[in-house]
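Scroll down for the structure; my scribbles are underneath it.
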Amino acid sequence: MLSPPSTATIVLIAAYAVFTWTTGGFSSKNAFAQPVQSTTAIVPKMPVGIDDAQLVGAGRLKFWGFDVYDAKLWAPSSFVAAEFTKHPFALDITYLRDFSQADVVQRSLQEMRDLTVVSDDKAAQWETQLRKSLPAIRKGDRLVGSYKPNEGASFTVNGKALDDIRDPEMARAFFSMWLNPGTTVPALRRALLGLEPPAQTKAKP
């Protein structure tokens with residue numbers, strides 16, 4: 001669901017939108033993340049059951065002063081950040097800007113390939129799947145991506161089910177955009193993991 005966006009769509013920003021994921025304009029150098037206090041203790045219904053689900057952390061992605069999206073991470077009490085791929089969890093994103101599907105897909109694929117070495121053929125397969133799983137984004141849309149260890153991922157937008165990712169490697173690469181230590185938005189990662197980051201931190205290039 002899903003990192004920073006592109007100028008060309010400031011635009012994608014907000015997703016960089018899957019999630020701000022944004023296409024070329026969203027330079028990580030200008031991306032900021034700040035922690036956001038949760039306003040509710042109610043765990044939303046997820047497309048996949050998560051036993052003992054609780055809010056791990058939350059943060060807002062900002063780009064050049066623009067609010068891109070608010071993100072929350074839900075996981076069981078057994079969740080361990082360093083081994084996030086071994087646990088079920090859900091990334092809950094509410095967008096604060098519009099993004100085209102093309103921007104969301106291309107930015108997501110670029111970030112995934114930066115963190116995971118894959119062949120061009122497999123990257124093409126991933127792109128096809130992303131187009132099935134990620135929609136165009138409108139301000140106010142809520143996208144929830146649920147990770148299933150060794151299975152894949154499922155998605156909903158505003159409660160409506162989207163196409164599942166049934167490739168475990170692709171699912172890991174997708175959520176690595178936020179939870180892998182190599183993410184381009186380390187401050188947002190810290191916020192999602194509840195690690196008390198500075199109020200506002202520049203994302204690494």
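Residues in the structure tokens are numbered from 1 in each chain, the chains being A, B, ... in the order shown, and ligands are numbered from 1 in the order shown.
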
Strand (DSSP E) per DSSP on the backbone: members of stretch 30-196 of chain A, as a PDB file with C-alpha atoms, in the first residue's frame:
```pdb
ATOM      1  CA  ALA A  31      10.935  14.267   1.764  1.00  0.00           C
ATOM      2  CA  PHE A  32      10.145  14.622   5.426  1.00  0.00           C
ATOM      3  CA  ALA A  33       8.420  12.342   7.915  1.00  0.00           C
ATOM      4  CA  GLN A  34       6.986  13.261  11.251  1.00  0.00           C
ATOM      5  CA  PRO A  35       5.348  11.128  13.937  1.00  0.00           C
ATOM      6  CA  ALA A  53      -3.533  -6.641  16.398  1.00  0.00           C
ATOM      7  CA  GLN A  54      -2.414  -3.328  17.853  1.00  0.00           C
ATOM      8  CA  LEU A  55      -1.109  -0.012  16.616  1.00  0.00           C
ATOM      9  CA  VAL A  56       2.693  -0.157  16.445  1.00  0.00           C
ATOM     10  CA  GLY A  57       3.276   3.394  15.228  1.00  0.00           C
ATOM     11  CA  ALA A  58       2.121   6.145  12.887  1.00  0.00           C
ATOM     12  CA  GLY A  59       3.647   8.932  10.827  1.00  0.00           C
ATOM     13  CA  ARG A  60       2.952  11.528   8.162  1.00  0.00           C
ATOM     14  CA  LEU A  61       4.991  11.799   4.985  1.00  0.00           C
ATOM     15  CA  LYS A  62       5.659  15.352   3.812  1.00  0.00           C
ATOM     16  CA  PHE A  63       7.350  16.622   0.661  1.00  0.00           C
ATOM     17  CA  PHE A  66       3.129  19.246   1.116  1.00  0.00           C
ATOM     18  CA  ASP A  67       1.335  16.596   3.157  1.00  0.00           C
ATOM     19  CA  VAL A  68       1.472  13.322   1.227  1.00  0.00           C
ATOM     20  CA  TYR A  69      -0.178  10.690   3.408  1.00  0.00           C
ATOM     21  CA  ASP A  70      -0.673   9.449   6.952  1.00  0.00           C
ATOM     22  CA  ALA A  71       0.468   5.886   7.606  1.00  0.00           C
ATOM     23  CA  LYS A  72      -0.152   3.458  10.463  1.00  0.00           C
ATOM     24  CA  LEU A  73       1.339   0.053  11.127  1.00  0.00           C
ATOM     25  CA  TRP A  74      -0.823  -2.611  12.791  1.00  0.00           C
ATOM     26  CA  ALA A  75       0.717  -5.864  14.028  1.00  0.00           C
ATOM     27  CA  PRO A  76       0.413  -8.524  16.748  1.00  0.00           C
ATOM     28  CA  PHE A  89       0.923  -6.980   9.721  1.00  0.00           C
ATOM     29  CA  ALA A  90      -1.072  -4.297   7.966  1.00  0.00           C
ATOM     30  CA  LEU A  91       0.064  -0.946   6.614  1.00  0.00           C
ATOM     31  CA  ASP A  92      -2.837   1.509   6.751  1.00  0.00           C
ATOM     32  CA  ILE A  93      -2.436   4.618   4.571  1.00  0.00           C
ATOM     33  CA  THR A  94      -4.755   7.599   4.219  1.00  0.00           C
ATOM     34  CA  TYR A  95      -3.796   9.812   1.283  1.00  0.00           C
ATOM     35  CA  ARG A 142      -7.646   4.785   2.626  1.00  0.00           C
ATOM     36  CA  LEU A 143      -5.473   1.968   1.313  1.00  0.00           C
ATOM     37  CA  VAL A 144      -4.741  -1.002   3.567  1.00  0.00           C
ATOM     38  CA  GLY A 145      -2.102  -3.539   2.606  1.00  0.00           C
ATOM     39  CA  SER A 146      -1.959  -6.720   4.681  1.00  0.00           C
ATOM     40  CA  TYR A 147       1.176  -8.837   4.632  1.00  0.00           C
ATOM     41  CA  LYS A 148       0.999 -12.633   4.940  1.00  0.00           C
ATOM     42  CA  GLY A 152       1.836 -12.682  -0.249  1.00  0.00           C
ATOM     43  CA  ALA A 153      -0.344  -9.670   0.433  1.00  0.00           C
ATOM     44  CA  SER A 154      -3.901  -8.444   0.090  1.00  0.00           C
ATOM     45  CA  PHE A 155      -5.212  -4.905  -0.373  1.00  0.00           C
ATOM     46  CA  THR A 156      -8.359  -2.879   0.132  1.00  0.00           C
ATOM     47  CA  VAL A 157      -9.130   0.709  -0.812  1.00  0.00           C
ATOM     48  CA  LYS A 160     -13.143  -2.622  -1.208  1.00  0.00           C
ATOM     49  CA  ALA A 161     -10.941  -5.642  -1.935  1.00  0.00           C
TER      50      ALA A 161
END
```

Pick out the residues sitting within 6 Å of stretch 125-134 of chain A, and hand them over as a PyMOL selection string; count only C-alpha atoms, and ignore anything fewer than 2 positions along from it in its own chain.
chain A and resi 105+122-123+162-163

Dump of N, CA and C atoms for the selected residues, as a tab-separated table (two decimals), in the first residue's frame:
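Listed below is the output, part32.tsv:
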```tsv
chain	number	residue	atom	x	y	z
A	105	VAL	N	2.29	3.05	-9.44
A	105	VAL	CA	2.92	1.80	-9.89
A	105	VAL	C	4.39	1.99	-10.19
A	122	LYS	N	11.27	-10.54	-14.23
A	122	LYS	CA	10.47	-10.59	-13.01
A	122	LYS	C	9.93	-9.19	-12.68
A	123	ALA	N	10.73	-8.16	-12.92
A	123	ALA	CA	10.27	-6.80	-12.66
A	123	ALA	C	9.05	-6.49	-13.52
A	162	LEU	N	-9.04	-5.44	-3.41
A	162	LEU	CA	-8.33	-5.33	-4.68
A	162	LEU	C	-7.65	-6.67	-4.96
A	163	ASP	N	-6.88	-6.74	-6.03
A	163	ASP	CA	-6.22	-7.98	-6.41
A	163	ASP	C	-5.08	-8.33	-5.45
```
